[in-house]
Amino acid sequence: MALNEELQDPKYAGLSDTDVADLLNAKVIDSVAERFVTDRTLYAELGPEVAETILTKMAQADNPMVTRALRWIETRDGLDVGHPTTQAMLDSLQGGLFDEQEAAAIKSLAAIKVSRADQLKLGWVYPGDVERARNGQ
């Protein structure tokens with residue numbers, strides 16, 4: 001049903017079933033996913049200098065929310081930087097504890113690209129799926 005509704009969008013008019021399937025499956029939409037990071041993740045993916053700056057700032061912060069987040073980062077399980085609450089916390093700390101680049105670097109660890117099919121929870125869309133949906137099946 002979701003595919004039938006999506007195909008009502010005029011942007012698909014005049015496109016072949018294959019072209020529509022390709023558009024729906026293309027991973028071009030910015031999104032955020034669950035991603036648990038540790039201090040090791042920060043070092044590996046952001047580099048030692050950036051990671052140490054972030055961790056030092058967190059350790060020196062006089063903010064219980066930041067203190068707890070740092071404790072989670074220092075555990076094996078880590079902190080979910082993709083969770084909406086964590087993303088909002090990072091936004092609130094930007095311009096204060098973290099500069100814009102540091103906050104963006106942490107948030108980028110949860111950044112992914114998704115497709116329109118992913119957003120609609122359609123799974124992989126094949127040209128035959130598009131054809132059937134266009135034919136009302």
# chains A, B, ... in the order shown; residues from 1 in each chain; ligands from 1
>>> select_by_dssp(residues="chain A", states="alpha helix (DSSP H)", output="MDAnalysis selection string")
chainID A and resid 2:6 17:25 39:46 48:60 64:73 84:93 100:108 116:119 127:134
>>> residues_around(residues="region 73-90 of chain A", least_positions_apart="5", cutoff="7 Å", atoms="only C-alpha atoms", output="list in words")
Val32, Ala33, Glu34, Arg35, Phe36, Val37, Thr38, Asp39, Ala103, Lys107 and Ala110 of chain A
>>> write_last_selection(atoms="N, CA, C and O atoms", output="short mmCIF file (atom, residue, chain, number, x, y, z; two decimals), in the first residue's frame")
data_model
loop_
_atom_site.label_atom_id
_atom_site.label_comp_id
_atom_site.auth_asym_id
_atom_site.auth_seq_id
_atom_site.Cartn_x
_atom_site.Cartn_y
_atom_site.Cartn_z
N VAL A 32 19.89 9.60 10.48
CA VAL A 32 20.68 9.30 11.68
C VAL A 32 20.26 7.92 12.16
O VAL A 32 19.08 7.60 12.18
N ALA A 33 21.25 7.11 12.54
CA ALA A 33 20.97 5.76 13.01
C ALA A 33 21.51 5.56 14.42
O ALA A 33 22.38 6.30 14.87
N GLU A 34 20.99 4.56 15.08
CA GLU A 34 21.54 4.17 16.37
C GLU A 34 23.02 3.84 16.19
O GLU A 34 23.39 3.10 15.27
N ARG A 35 23.85 4.40 17.03
CA ARG A 35 25.29 4.12 16.94
C ARG A 35 25.90 4.34 18.31
O ARG A 35 25.94 5.45 18.83
N PHE A 36 26.32 3.25 18.92
CA PHE A 36 26.95 3.31 20.23
C PHE A 36 28.45 3.53 20.03
O PHE A 36 29.10 2.75 19.32
N VAL A 37 28.98 4.59 20.62
CA VAL A 37 30.40 4.91 20.48
C VAL A 37 31.07 4.91 21.85
O VAL A 37 30.46 5.23 22.86
N THR A 38 32.33 4.55 21.82
CA THR A 38 33.16 4.56 23.01
C THR A 38 34.31 5.53 22.78
O THR A 38 34.45 6.09 21.69
N ASP A 39 35.15 5.68 23.79
CA ASP A 39 36.32 6.53 23.62
C ASP A 39 37.21 5.98 22.50
O ASP A 39 37.81 6.74 21.74
N ALA A 103 30.94 19.29 17.89
CA ALA A 103 29.58 18.74 17.99
C ALA A 103 29.21 18.02 16.69
O ALA A 103 28.66 16.92 16.73
N LYS A 107 28.23 14.01 16.14
CA LYS A 107 26.96 13.66 15.50
C LYS A 107 27.17 12.88 14.20
O LYS A 107 26.38 12.01 13.86
N ALA A 110 26.90 9.00 13.72
CA ALA A 110 25.61 8.32 13.55
C ALA A 110 24.96 8.63 12.22
O ALA A 110 23.85 8.18 11.95
#
>>> closest_residue(among="A:Arg40, A:Gln94, A:Lys11, A:Thr67", to="Glu52 (chain A)", atoms="only C-alpha atoms")
A:Arg40
>>> closest_residue(among="A:Ala21, A:Ala105, A:Leu70, A:Leu93", to="Gly123 (chain A)", atoms="only C-alpha atoms")
A:Ala21
>>> residues_around(residues="Arg134 (chain A)", least_positions_apart="6", cutoff="9 Å", atoms="only C-alpha atoms", output="list in words")
Asn4, Leu7 and Asp17 of chain A
>>> closest_residue(among="A:Pro48, A:Pro64, A:Pro127, A:Gly96", to="Leu3 (chain A)", atoms="only C-alpha atoms")
A:Pro127
>>> closest_residue(among="A:Val66, A:Leu23, A:Ile106, A:Ile29", to="Glu45 (chain A)", atoms="only C-alpha atoms")
A:Ile106
>>> residues_around(residues="region 130-133 of chain A", least_positions_apart="4", cutoff="12 Å", atoms="only C-alpha atoms", output="PyMOL selection string")
chain A and resi 1-8+12-13+15-25+117+122+124-126+137
>>> atom_distance(atom1="CA of Leu120 (chain A)", atom2="CA of Pro10 (chain A)")
17.3 Å
